[in-house]
>>> print(open('entry.cif').read())   # mmCIF, N, CA and C atoms
data_target
loop_
_atom_site.label_atom_id
_atom_site.label_comp_id
_atom_site.auth_asym_id
_atom_site.auth_seq_id
_atom_site.Cartn_x
_atom_site.Cartn_y
_atom_site.Cartn_z
N MET I 132 154.31 -19.04 0.65
CA MET I 132 154.65 -20.05 1.64
C MET I 132 155.64 -19.45 2.64
N ALA I 133 155.41 -19.73 3.91
CA ALA I 133 156.30 -19.23 4.96
C ALA I 133 157.61 -20.01 4.94
N ASP I 134 158.66 -19.34 5.32
CA ASP I 134 159.96 -20.01 5.41
C ASP I 134 159.98 -20.94 6.62
N LEU I 135 160.67 -22.05 6.48
CA LEU I 135 160.83 -22.96 7.60
C LEU I 135 161.84 -22.39 8.59
N ARG I 136 161.64 -22.69 9.83
CA ARG I 136 162.54 -22.23 10.89
C ARG I 136 163.68 -23.21 11.08
N PHE I 137 164.61 -22.84 11.94
CA PHE I 137 165.70 -23.72 12.37
C PHE I 137 166.48 -24.29 11.19
N GLY I 138 166.75 -23.45 10.21
CA GLY I 138 167.53 -23.89 9.06
C GLY I 138 166.87 -25.00 8.26
N GLY I 139 165.55 -25.08 8.32
CA GLY I 139 164.83 -26.09 7.57
C GLY I 139 164.79 -27.46 8.23
N SER I 140 165.22 -27.56 9.48
CA SER I 140 165.22 -28.84 10.20
C SER I 140 163.82 -29.45 10.19
N VAL I 141 163.72 -30.65 9.64
CA VAL I 141 162.41 -31.31 9.51
C VAL I 141 161.77 -31.50 10.87
N TRP I 142 162.51 -32.12 11.80
CA TRP I 142 161.91 -32.42 13.09
C TRP I 142 161.48 -31.15 13.82
N SER I 143 162.32 -30.15 13.86
CA SER I 143 161.98 -28.92 14.59
C SER I 143 160.73 -28.28 14.02
N ASN I 144 160.62 -28.25 12.71
CA ASN I 144 159.46 -27.63 12.08
C ASN I 144 158.19 -28.45 12.25
N ILE I 145 158.31 -29.77 12.19
CA ILE I 145 157.14 -30.61 12.45
C ILE I 145 156.68 -30.42 13.89
N ASP I 146 157.63 -30.34 14.82
CA ASP I 146 157.29 -30.15 16.23
C ASP I 146 156.54 -28.84 16.44
N VAL I 147 157.01 -27.77 15.83
CA VAL I 147 156.33 -26.47 15.96
C VAL I 147 154.92 -26.56 15.36
N ALA I 148 154.82 -27.15 14.18
CA ALA I 148 153.51 -27.29 13.53
C ALA I 148 152.56 -28.12 14.38
N LEU I 149 153.06 -29.20 14.96
CA LEU I 149 152.21 -30.04 15.81
C LEU I 149 151.72 -29.30 17.04
N ARG I 150 152.55 -28.44 17.59
CA ARG I 150 152.12 -27.65 18.75
C ARG I 150 150.97 -26.71 18.37
N HIS I 151 151.06 -26.12 17.19
CA HIS I 151 149.97 -25.25 16.73
C HIS I 151 148.69 -26.06 16.51
N ILE I 152 148.82 -27.20 15.85
CA ILE I 152 147.66 -28.05 15.59
C ILE I 152 147.09 -28.59 16.90
N ASP I 153 147.96 -28.95 17.84
CA ASP I 153 147.50 -29.44 19.13
C ASP I 153 146.66 -28.39 19.85
N THR I 154 147.04 -27.13 19.72
CA THR I 154 146.26 -26.05 20.32
C THR I 154 144.87 -25.98 19.71
N ILE I 155 144.78 -26.14 18.40
CA ILE I 155 143.48 -26.13 17.73
C ILE I 155 142.62 -27.29 18.24
N TYR I 156 143.22 -28.48 18.32
CA TYR I 156 142.49 -29.65 18.82
C TYR I 156 142.10 -29.47 20.28
N SER I 157 143.00 -28.94 21.09
CA SER I 157 142.72 -28.76 22.52
C SER I 157 141.54 -27.83 22.75
N GLN I 158 141.46 -26.77 21.97
CA GLN I 158 140.34 -25.84 22.11
C GLN I 158 139.02 -26.56 21.85
N GLU I 159 139.03 -27.46 20.90
CA GLU I 159 137.82 -28.21 20.55
C GLU I 159 137.49 -29.26 21.62
N THR I 160 138.49 -29.99 22.08
CA THR I 160 138.23 -31.08 23.03
C THR I 160 137.88 -30.57 24.42
N GLU I 161 138.42 -29.42 24.80
CA GLU I 161 138.13 -28.88 26.13
C GLU I 161 136.65 -28.58 26.31
N SER I 162 135.98 -28.22 25.23
CA SER I 162 134.54 -27.94 25.33
C SER I 162 133.75 -29.21 25.65
N LEU I 163 134.36 -30.37 25.43
CA LEU I 163 133.73 -31.65 25.75
C LEU I 163 134.21 -32.20 27.10
N GLY I 164 135.09 -31.46 27.77
CA GLY I 164 135.64 -31.93 29.03
C GLY I 164 136.71 -33.00 28.86
N LEU I 165 137.34 -33.01 27.68
CA LEU I 165 138.36 -34.01 27.36
C LEU I 165 139.66 -33.33 27.00
N ASN I 166 140.76 -34.07 27.15
CA ASN I 166 141.99 -33.61 26.54
C ASN I 166 142.16 -34.36 25.22
N VAL I 167 143.15 -34.00 24.44
CA VAL I 167 143.28 -34.55 23.09
C VAL I 167 143.46 -36.07 23.12
N ILE I 168 144.28 -36.59 24.00
CA ILE I 168 144.52 -38.03 24.02
C ILE I 168 143.25 -38.79 24.41
N GLU I 169 142.46 -38.26 25.34
CA GLU I 169 141.19 -38.89 25.70
C GLU I 169 140.24 -38.90 24.51
N TRP I 170 140.25 -37.81 23.78
CA TRP I 170 139.41 -37.67 22.58
C TRP I 170 139.80 -38.72 21.54
N TYR I 171 141.12 -38.92 21.35
CA TYR I 171 141.60 -39.94 20.41
C TYR I 171 141.14 -41.34 20.84
N ILE I 172 141.25 -41.62 22.12
CA ILE I 172 140.88 -42.95 22.61
C ILE I 172 139.39 -43.19 22.40
N LEU I 173 138.57 -42.21 22.72
CA LEU I 173 137.13 -42.37 22.49
C LEU I 173 136.85 -42.60 21.01
N ARG I 174 137.53 -41.86 20.15
CA ARG I 174 137.34 -42.05 18.70
C ARG I 174 137.64 -43.49 18.30
N MET I 175 138.70 -44.06 18.84
CA MET I 175 139.03 -45.46 18.53
C MET I 175 137.97 -46.42 19.06
N LEU I 176 137.46 -46.14 20.25
CA LEU I 176 136.44 -47.02 20.82
C LEU I 176 135.10 -46.88 20.10
N TYR I 177 134.83 -45.74 19.51
CA TYR I 177 133.60 -45.59 18.72
C TYR I 177 133.66 -46.46 17.47
N VAL I 178 134.84 -46.69 16.96
CA VAL I 178 135.01 -47.57 15.79
C VAL I 178 134.89 -49.03 16.22
N THR I 179 135.60 -49.39 17.30
CA THR I 179 135.57 -50.76 17.81
C THR I 179 135.60 -50.72 19.33
N ASP I 180 134.46 -50.94 19.94
CA ASP I 180 134.38 -50.96 21.40
C ASP I 180 134.98 -52.27 21.91
N GLY I 181 135.53 -52.25 23.10
CA GLY I 181 136.08 -53.47 23.70
C GLY I 181 137.46 -53.82 23.19
N GLN I 182 138.33 -52.82 23.08
CA GLN I 182 139.69 -53.07 22.60
C GLN I 182 140.64 -53.30 23.77
N MET I 183 141.71 -54.02 23.48
CA MET I 183 142.75 -54.22 24.49
C MET I 183 143.45 -52.88 24.74
N ALA I 184 143.82 -52.65 25.99
CA ALA I 184 144.50 -51.41 26.35
C ALA I 184 145.77 -51.22 25.55
N SER I 185 146.51 -52.29 25.33
CA SER I 185 147.76 -52.18 24.57
C SER I 185 147.51 -51.75 23.13
N ARG I 186 146.42 -52.21 22.55
CA ARG I 186 146.07 -51.82 21.18
C ARG I 186 145.68 -50.34 21.12
N LEU I 187 144.94 -49.88 22.11
CA LEU I 187 144.58 -48.46 22.17
C LEU I 187 145.84 -47.60 22.31
N ALA I 188 146.74 -48.02 23.18
CA ALA I 188 147.99 -47.27 23.37
C ALA I 188 148.74 -47.16 22.06
N GLU I 189 148.88 -48.27 21.37
CA GLU I 189 149.57 -48.26 20.08
C GLU I 189 148.85 -47.36 19.08
N GLY I 190 147.53 -47.44 19.07
CA GLY I 190 146.73 -46.67 18.12
C GLY I 190 146.85 -45.17 18.29
N VAL I 191 147.07 -44.72 19.52
CA VAL I 191 147.20 -43.28 19.77
C VAL I 191 148.66 -42.86 19.97
N GLY I 192 149.57 -43.78 19.69
CA GLY I 192 151.00 -43.44 19.73
C GLY I 192 151.59 -43.28 21.11
N ARG I 193 151.09 -44.03 22.07
CA ARG I 193 151.61 -43.97 23.44
C ARG I 193 152.22 -45.31 23.83
N ALA I 194 153.18 -45.27 24.71
CA ALA I 194 153.76 -46.51 25.23
C ALA I 194 152.76 -47.17 26.17
N ALA I 195 152.59 -48.47 26.01
CA ALA I 195 151.66 -49.21 26.87
C ALA I 195 152.03 -49.05 28.34
N SER I 196 153.32 -48.92 28.63
CA SER I 196 153.78 -48.81 30.02
C SER I 196 153.38 -47.49 30.68
N THR I 197 153.01 -46.49 29.89
CA THR I 197 152.61 -45.19 30.46
C THR I 197 151.13 -44.90 30.25
N PHE I 198 150.39 -45.90 29.79
CA PHE I 198 149.01 -45.69 29.37
C PHE I 198 147.99 -45.80 30.50
N THR I 199 148.32 -46.53 31.55
CA THR I 199 147.36 -46.75 32.63
C THR I 199 146.84 -45.46 33.25
N PRO I 200 147.68 -44.46 33.56
CA PRO I 200 147.14 -43.23 34.13
C PRO I 200 146.17 -42.50 33.19
N ILE I 201 146.39 -42.61 31.90
CA ILE I 201 145.49 -41.99 30.93
C ILE I 201 144.12 -42.67 31.01
N LEU I 202 144.13 -44.00 31.02
CA LEU I 202 142.87 -44.74 31.13
C LEU I 202 142.19 -44.47 32.47
N ASP I 203 142.99 -44.34 33.54
CA ASP I 203 142.42 -44.03 34.86
C ASP I 203 141.63 -42.73 34.81
N GLY I 204 142.17 -41.72 34.13
CA GLY I 204 141.49 -40.44 34.03
C GLY I 204 140.17 -40.53 33.28
N ILE I 205 140.16 -41.27 32.19
CA ILE I 205 138.92 -41.42 31.41
C ILE I 205 137.90 -42.25 32.20
N GLU I 206 138.40 -43.22 32.94
CA GLU I 206 137.51 -44.04 33.76
C GLU I 206 136.90 -43.21 34.89
N ARG I 207 137.70 -42.33 35.51
CA ARG I 207 137.18 -41.44 36.57
C ARG I 207 136.07 -40.53 36.04
N LYS I 208 136.16 -40.17 34.77
CA LYS I 208 135.12 -39.34 34.15
C LYS I 208 133.87 -40.16 33.82
N GLY I 209 133.95 -41.46 34.01
CA GLY I 209 132.80 -42.33 33.77
C GLY I 209 132.56 -42.66 32.31
N LEU I 210 133.59 -42.50 31.47
CA LEU I 210 133.40 -42.70 30.03
C LEU I 210 133.79 -44.09 29.55
N ILE I 211 134.65 -44.77 30.30
CA ILE I 211 135.08 -46.12 29.95
C ILE I 211 135.06 -47.00 31.19
N GLU I 212 135.12 -48.30 30.95
CA GLU I 212 135.30 -49.25 32.04
C GLU I 212 136.20 -50.37 31.54
N ARG I 213 136.92 -50.94 32.47
CA ARG I 213 137.82 -52.04 32.14
C ARG I 213 137.10 -53.36 32.40
N GLY I 214 137.42 -54.33 31.56
CA GLY I 214 136.86 -55.67 31.75
C GLY I 214 137.89 -56.72 31.38
N GLN I 215 137.72 -57.90 31.91
CA GLN I 215 138.63 -59.01 31.63
C GLN I 215 138.45 -59.48 30.19
N HIS I 216 139.56 -59.83 29.57
CA HIS I 216 139.52 -60.44 28.24
C HIS I 216 139.01 -61.87 28.44
N PRO I 217 138.03 -62.32 27.66
CA PRO I 217 137.46 -63.65 27.89
C PRO I 217 138.45 -64.80 27.65
N ALA I 218 139.45 -64.59 26.80
CA ALA I 218 140.38 -65.66 26.48
C ALA I 218 141.74 -65.52 27.16
N ASP I 219 142.00 -64.35 27.75
CA ASP I 219 143.32 -64.11 28.35
C ASP I 219 143.13 -63.29 29.62
N ARG I 220 143.20 -63.94 30.76
CA ARG I 220 142.94 -63.27 32.03
C ARG I 220 143.92 -62.14 32.32
N ARG I 221 145.09 -62.18 31.69
CA ARG I 221 146.09 -61.12 31.92
C ARG I 221 145.77 -59.85 31.15
N SER I 222 144.93 -59.96 30.15
CA SER I 222 144.61 -58.82 29.30
C SER I 222 143.34 -58.12 29.76
N VAL I 223 143.31 -56.83 29.52
CA VAL I 223 142.17 -56.00 29.89
C VAL I 223 141.55 -55.44 28.62
N LEU I 224 140.23 -55.48 28.56
CA LEU I 224 139.51 -54.86 27.45
C LEU I 224 138.88 -53.56 27.95
N ILE I 225 138.92 -52.55 27.11
CA ILE I 225 138.36 -51.24 27.44
C ILE I 225 137.05 -51.08 26.69
N HIS I 226 136.00 -50.79 27.46
CA HIS I 226 134.66 -50.63 26.89
C HIS I 226 134.13 -49.23 27.20
N LEU I 227 133.33 -48.72 26.31
CA LEU I 227 132.62 -47.47 26.55
C LEU I 227 131.49 -47.71 27.55
N THR I 228 131.27 -46.76 28.42
CA THR I 228 130.10 -46.79 29.29
C THR I 228 128.96 -46.09 28.56
N PRO I 229 127.75 -46.17 29.08
CA PRO I 229 126.66 -45.41 28.46
C PRO I 229 126.98 -43.91 28.35
N LYS I 230 127.64 -43.37 29.37
CA LYS I 230 128.02 -41.95 29.34
C LYS I 230 129.02 -41.70 28.21
N GLY I 231 129.97 -42.61 28.02
CA GLY I 231 130.94 -42.48 26.93
C GLY I 231 130.27 -42.57 25.58
N LYS I 232 129.33 -43.50 25.45
CA LYS I 232 128.59 -43.66 24.19
C LYS I 232 127.75 -42.42 23.89
N ALA I 233 127.23 -41.79 24.94
CA ALA I 233 126.38 -40.61 24.76
C ALA I 233 127.14 -39.43 24.17
N LEU I 234 128.45 -39.41 24.31
CA LEU I 234 129.28 -38.32 23.77
C LEU I 234 129.60 -38.49 22.29
N GLN I 235 129.25 -39.63 21.71
CA GLN I 235 129.71 -39.96 20.36
C GLN I 235 129.36 -38.89 19.33
N GLU I 236 128.14 -38.43 19.31
CA GLU I 236 127.75 -37.43 18.30
C GLU I 236 128.48 -36.12 18.49
N GLN I 237 128.70 -35.72 19.74
CA GLN I 237 129.45 -34.50 20.01
C GLN I 237 130.91 -34.64 19.58
N VAL I 238 131.49 -35.80 19.84
CA VAL I 238 132.88 -36.05 19.42
C VAL I 238 132.96 -36.05 17.91
N LYS I 239 132.02 -36.71 17.26
CA LYS I 239 132.00 -36.75 15.79
C LYS I 239 131.89 -35.34 15.21
N ALA I 240 131.02 -34.52 15.77
CA ALA I 240 130.87 -33.14 15.29
C ALA I 240 132.16 -32.35 15.51
N SER I 241 132.82 -32.58 16.63
CA SER I 241 134.07 -31.86 16.90
C SER I 241 135.16 -32.28 15.92
N ILE I 242 135.19 -33.56 15.55
CA ILE I 242 136.15 -34.03 14.55
C ILE I 242 135.92 -33.29 13.24
N GLU I 243 134.67 -33.21 12.83
CA GLU I 243 134.34 -32.55 11.57
C GLU I 243 134.73 -31.08 11.59
N ARG I 244 134.52 -30.41 12.72
CA ARG I 244 134.89 -28.99 12.81
C ARG I 244 136.40 -28.79 12.69
N VAL I 245 137.17 -29.61 13.40
CA VAL I 245 138.63 -29.47 13.37
C VAL I 245 139.17 -29.81 11.99
N GLU I 246 138.72 -30.92 11.43
CA GLU I 246 139.21 -31.33 10.11
C GLU I 246 138.88 -30.28 9.06
N SER I 247 137.69 -29.70 9.15
CA SER I 247 137.30 -28.66 8.20
C SER I 247 138.20 -27.43 8.34
N LYS I 248 138.47 -27.05 9.58
CA LYS I 248 139.33 -25.89 9.83
C LYS I 248 140.74 -26.12 9.27
N LEU I 249 141.28 -27.31 9.49
CA LEU I 249 142.62 -27.62 8.99
C LEU I 249 142.63 -27.72 7.47
N ARG I 250 141.63 -28.38 6.93
CA ARG I 250 141.60 -28.61 5.48
C ARG I 250 141.47 -27.30 4.70
N GLN I 251 140.85 -26.31 5.27
CA GLN I 251 140.68 -25.01 4.59
C GLN I 251 142.02 -24.37 4.24
N GLN I 252 143.07 -24.81 4.89
CA GLN I 252 144.40 -24.23 4.66
C GLN I 252 145.07 -24.78 3.41
N PHE I 253 144.50 -25.82 2.79
CA PHE I 253 145.16 -26.53 1.70
C PHE I 253 144.25 -26.69 0.49
N SER I 254 144.87 -26.78 -0.68
CA SER I 254 144.13 -27.20 -1.87
C SER I 254 143.87 -28.70 -1.72
N ASP I 255 142.95 -29.23 -2.51
CA ASP I 255 142.67 -30.67 -2.45
C ASP I 255 143.93 -31.49 -2.75
N LYS I 256 144.70 -31.05 -3.73
CA LYS I 256 145.92 -31.76 -4.12
C LYS I 256 146.93 -31.74 -2.97
N ASP I 257 147.13 -30.57 -2.37
CA ASP I 257 148.07 -30.46 -1.26
C ASP I 257 147.60 -31.28 -0.05
N TRP I 258 146.30 -31.29 0.20
CA TRP I 258 145.75 -32.07 1.32
C TRP I 258 146.04 -33.56 1.13
N GLN I 259 145.85 -34.05 -0.08
CA GLN I 259 146.14 -35.46 -0.37
C GLN I 259 147.62 -35.76 -0.19
N ARG I 260 148.47 -34.87 -0.68
CA ARG I 260 149.91 -35.06 -0.51
C ARG I 260 150.28 -35.06 0.97
N PHE I 261 149.70 -34.13 1.70
CA PHE I 261 149.95 -34.04 3.14
C PHE I 261 149.57 -35.35 3.83
N GLN I 262 148.41 -35.91 3.49
CA GLN I 262 147.98 -37.16 4.10
C GLN I 262 148.94 -38.30 3.78
N HIS I 263 149.48 -38.32 2.57
CA HIS I 263 150.45 -39.36 2.21
C HIS I 263 151.74 -39.21 3.03
N VAL I 264 152.19 -37.98 3.19
CA VAL I 264 153.41 -37.74 3.98
C VAL I 264 153.19 -38.16 5.43
N VAL I 265 152.06 -37.79 6.00
CA VAL I 265 151.76 -38.17 7.39
C VAL I 265 151.71 -39.69 7.51
N ALA I 266 151.06 -40.36 6.58
CA ALA I 266 150.99 -41.83 6.61
C ALA I 266 152.39 -42.44 6.55
N ASP I 267 153.26 -41.87 5.72
CA ASP I 267 154.63 -42.37 5.63
C ASP I 267 155.37 -42.20 6.96
N PHE I 268 155.20 -41.04 7.59
CA PHE I 268 155.84 -40.83 8.89
C PHE I 268 155.32 -41.83 9.93
N GLN I 269 154.02 -42.12 9.90
CA GLN I 269 153.45 -43.04 10.89
C GLN I 269 153.94 -44.46 10.72
N THR I 270 154.34 -44.84 9.53
CA THR I 270 154.77 -46.22 9.30
C THR I 270 156.28 -46.39 9.42
N MET I 271 156.99 -45.31 9.69
CA MET I 271 158.44 -45.43 9.87
C MET I 271 158.74 -46.23 11.13
N ALA I 272 159.70 -47.11 11.03
CA ALA I 272 160.10 -47.90 12.20
C ALA I 272 160.86 -47.02 13.18
N PRO I 273 160.51 -47.11 14.48
CA PRO I 273 161.23 -46.30 15.47
C PRO I 273 162.67 -46.76 15.64
#
>>> encode(input="entry.cif", output="structure tokens")
Amino acid sequence: MADLRFGGSVWSNIDVALRHIDTIYSQETESLGLNVIEWYILRMLYVTDGQMASRLAEGVGRAASTFTPILDGIERKGLIERGQHPADRRSVLIHLTPKGKALQEQVKASIERVESKLRQQFSDKDWQRFQHVVADFQTMAP
């Protein structure tokens, strides 16, 4: 096992690890003409199309107040469209376009490639422990 940097500082080491993992994900998503955050959003819409923008922002760990430019970029690519919420005129629902739906199999295959590459680094037991730790970090109150 490699030694942790920065005197074992949890945050510093997680940040470095995330940058390495982000590079792996970026290499995969760039081949689809997407950045990582766009890829995450499409993945969420493949599970449930027609989500509120605020829910998507929360799901990918972004502030709703900074999310509009991200959606603008995906919309310019023709992958999503905005629509009015039927029960709340102030809310916007995000839907996949036919072009966005057409990418689903490629996105799914890219997910499998990245997950396989990452998982190869761990035993099954360590992978399960890692997933539990990540889940715990995600549920921590800010």
>>> select_by_dssp(input="entry.cif", residues="chain I", states="alpha helix (DSSP H)", output="number ranges by chain")
I: 141-161, 167-178, 184-190, 199-207, 229-233, 235-250, 255-270
>>> residues_around(input="entry.cif", residues="region 166-172 of chain I", least_positions_apart="5", cutoff="7 Å", atoms="only N, CA and C atoms", output="mmCIF file with N, CA and C atoms, in the coordinates of the input")
data_model
loop_
_atom_site.group_PDB
_atom_site.id
_atom_site.type_symbol
_atom_site.label_atom_id
_atom_site.label_comp_id
_atom_site.auth_asym_id
_atom_site.auth_seq_id
_atom_site.Cartn_x
_atom_site.Cartn_y
_atom_site.Cartn_z
ATOM 1 N N TYR I 156 143.220 -28.480 18.320
ATOM 2 C CA TYR I 156 142.490 -29.650 18.820
ATOM 3 C C TYR I 156 142.100 -29.470 20.280
ATOM 4 N N SER I 157 143.000 -28.940 21.090
ATOM 5 C CA SER I 157 142.720 -28.760 22.520
ATOM 6 C C SER I 157 141.540 -27.830 22.750
ATOM 7 N N THR I 160 138.490 -29.990 22.080
ATOM 8 C CA THR I 160 138.230 -31.080 23.030
ATOM 9 C C THR I 160 137.880 -30.570 24.420
ATOM 10 N N GLU I 161 138.420 -29.420 24.800
ATOM 11 C CA GLU I 161 138.130 -28.880 26.130
ATOM 12 C C GLU I 161 136.650 -28.580 26.310
ATOM 13 N N TYR I 177 134.830 -45.740 19.510
ATOM 14 C CA TYR I 177 133.600 -45.590 18.720
ATOM 15 C C TYR I 177 133.660 -46.460 17.470
ATOM 16 N N LEU I 187 144.940 -49.880 22.110
ATOM 17 C CA LEU I 187 144.580 -48.460 22.170
ATOM 18 C C LEU I 187 145.840 -47.600 22.310
ATOM 19 N N VAL I 191 147.070 -44.720 19.520
ATOM 20 C CA VAL I 191 147.200 -43.280 19.770
ATOM 21 C C VAL I 191 148.660 -42.860 19.970
ATOM 22 N N ILE I 205 140.160 -41.270 32.190
ATOM 23 C CA ILE I 205 138.920 -41.420 31.410
ATOM 24 C C ILE I 205 137.900 -42.250 32.200
#
>>> resolve_selection(input="entry.cif", expression="the PyMOL selection byres (((chain I and resi 245 and name CA) around 10) and name CA)", output="mmCIF file with N, CA and C atoms, keeping the file's coordinate frame")
data_model
loop_
_atom_site.group_PDB
_atom_site.id
_atom_site.type_symbol
_atom_site.label_atom_id
_atom_site.label_comp_id
_atom_site.auth_asym_id
_atom_site.auth_seq_id
_atom_site.Cartn_x
_atom_site.Cartn_y
_atom_site.Cartn_z
ATOM 1 N N ILE I 152 148.820 -27.200 15.850
ATOM 2 C CA ILE I 152 147.660 -28.050 15.590
ATOM 3 C C ILE I 152 147.090 -28.590 16.900
ATOM 4 N N ILE I 155 144.780 -26.140 18.400
ATOM 5 C CA ILE I 155 143.480 -26.130 17.730
ATOM 6 C C ILE I 155 142.620 -27.290 18.240
ATOM 7 N N TYR I 156 143.220 -28.480 18.320
ATOM 8 C CA TYR I 156 142.490 -29.650 18.820
ATOM 9 C C TYR I 156 142.100 -29.470 20.280
ATOM 10 N N GLN I 158 141.460 -26.770 21.970
ATOM 11 C CA GLN I 158 140.340 -25.840 22.110
ATOM 12 C C GLN I 158 139.020 -26.560 21.850
ATOM 13 N N GLU I 159 139.030 -27.460 20.900
ATOM 14 C CA GLU I 159 137.820 -28.210 20.550
ATOM 15 C C GLU I 159 137.490 -29.260 21.620
ATOM 16 N N THR I 160 138.490 -29.990 22.080
ATOM 17 C CA THR I 160 138.230 -31.080 23.030
ATOM 18 C C THR I 160 137.880 -30.570 24.420
ATOM 19 N N ALA I 240 131.020 -34.520 15.770
ATOM 20 C CA ALA I 240 130.870 -33.140 15.290
ATOM 21 C C ALA I 240 132.160 -32.350 15.510
ATOM 22 N N SER I 241 132.820 -32.580 16.630
ATOM 23 C CA SER I 241 134.070 -31.860 16.900
ATOM 24 C C SER I 241 135.160 -32.280 15.920
ATOM 25 N N ILE I 242 135.190 -33.560 15.550
ATOM 26 C CA ILE I 242 136.150 -34.030 14.550
ATOM 27 C C ILE I 242 135.920 -33.290 13.240
ATOM 28 N N GLU I 243 134.670 -33.210 12.830
ATOM 29 C CA GLU I 243 134.340 -32.550 11.570
ATOM 30 C C GLU I 243 134.730 -31.080 11.590
ATOM 31 N N ARG I 244 134.520 -30.410 12.720
ATOM 32 C CA ARG I 244 134.890 -28.990 12.810
ATOM 33 C C ARG I 244 136.400 -28.790 12.690
ATOM 34 N N GLU I 246 138.720 -30.920 11.430
ATOM 35 C CA GLU I 246 139.210 -31.330 10.110
ATOM 36 C C GLU I 246 138.880 -30.280 9.060
ATOM 37 N N SER I 247 137.690 -29.700 9.150
ATOM 38 C CA SER I 247 137.300 -28.660 8.200
ATOM 39 C C SER I 247 138.200 -27.430 8.340
ATOM 40 N N LYS I 248 138.470 -27.050 9.580
ATOM 41 C CA LYS I 248 139.330 -25.890 9.830
ATOM 42 C C LYS I 248 140.740 -26.120 9.270
ATOM 43 N N LEU I 249 141.280 -27.310 9.490
ATOM 44 C CA LEU I 249 142.620 -27.620 8.990
ATOM 45 C C LEU I 249 142.630 -27.720 7.470
ATOM 46 N N ARG I 250 141.630 -28.380 6.930
ATOM 47 C CA ARG I 250 141.600 -28.610 5.480
ATOM 48 C C ARG I 250 141.470 -27.300 4.700
#
>>> resolve_selection(input="entry.cif", expression="the PyMOL selection byres ((chain I and resi 226) around 8)", output="list in words")
Leu176, Thr179, Asp180, Gly181, Gln182, Met183, Leu210, Ile211, Glu212, Arg213, Gly214, Val223, Leu224, Ile225, Leu227, Thr228, Pro229, Gly231 and Lys232 of chain I
>>> atom_distance(input="entry.cif", atom1="CA of Trp142 (chain I)", atom2="CA of Gln262 (chain I)")
17.2 Å
>>> atom_distance(input="entry.cif", atom1="CA of Gln252 (chain I)", atom2="CA of Gly190 (chain I)")
26.3 Å
>>> closest_residue(input="entry.cif", among="I:Leu202, I:Val141, I:Val178, I:Leu173", to="Val238 (chain I)", atoms="only C-alpha atoms")
I:Leu173
>>> closest_residue(input="entry.cif", among="I:Phe253, I:Arg221, I:Gln237, I:His151", to="Leu163 (chain I)", atoms="all atoms listed in the file")
I:Gln237
>>> atom_distance(input="entry.cif", atom1="atom N of Ala184 (chain I)", atom2="atom C of His263 (chain I)")
27.8 Å
>>> decode(input="entry.cif", residues="region 165-185 of chain I", atoms="C-alpha atoms", output="mmCIF file, in the first residue's frame")
data_model
loop_
_atom_site.group_PDB
_atom_site.id
_atom_site.type_symbol
_atom_site.label_atom_id
_atom_site.label_comp_id
_atom_site.auth_asym_id
_atom_site.auth_seq_id
_atom_site.Cartn_x
_atom_site.Cartn_y
_atom_site.Cartn_z
ATOM 1 C CA LEU I 165 -19.266 14.869 -23.011
ATOM 2 C CA ASN I 166 -17.606 16.096 -19.883
ATOM 3 C CA VAL I 167 -17.967 14.138 -16.647
ATOM 4 C CA ILE I 168 -20.816 16.214 -15.199
ATOM 5 C CA GLU I 169 -22.816 15.951 -18.445
ATOM 6 C CA TRP I 170 -22.235 12.200 -18.380
ATOM 7 C CA TYR I 171 -23.554 12.031 -14.795
ATOM 8 C CA ILE I 172 -26.662 14.004 -15.713
ATOM 9 C CA LEU I 173 -27.430 11.768 -18.678
ATOM 10 C CA ARG I 174 -26.991 8.713 -16.451
ATOM 11 C CA MET I 175 -29.588 10.120 -14.040
ATOM 12 C CA LEU I 176 -31.995 10.888 -16.874
ATOM 13 C CA TYR I 177 -31.616 7.367 -18.265
ATOM 14 C CA VAL I 178 -32.918 6.087 -14.928
ATOM 15 C CA THR I 179 -35.752 8.644 -14.703
ATOM 16 C CA ASP I 180 -36.417 10.982 -17.605
ATOM 17 C CA GLY I 181 -38.216 14.245 -16.873
ATOM 18 C CA GLN I 182 -36.555 15.229 -13.603
ATOM 19 C CA MET I 183 -36.598 18.645 -11.999
ATOM 20 C CA ALA I 184 -33.391 20.597 -12.569
ATOM 21 C CA SER I 185 -32.939 21.047 -8.821
#
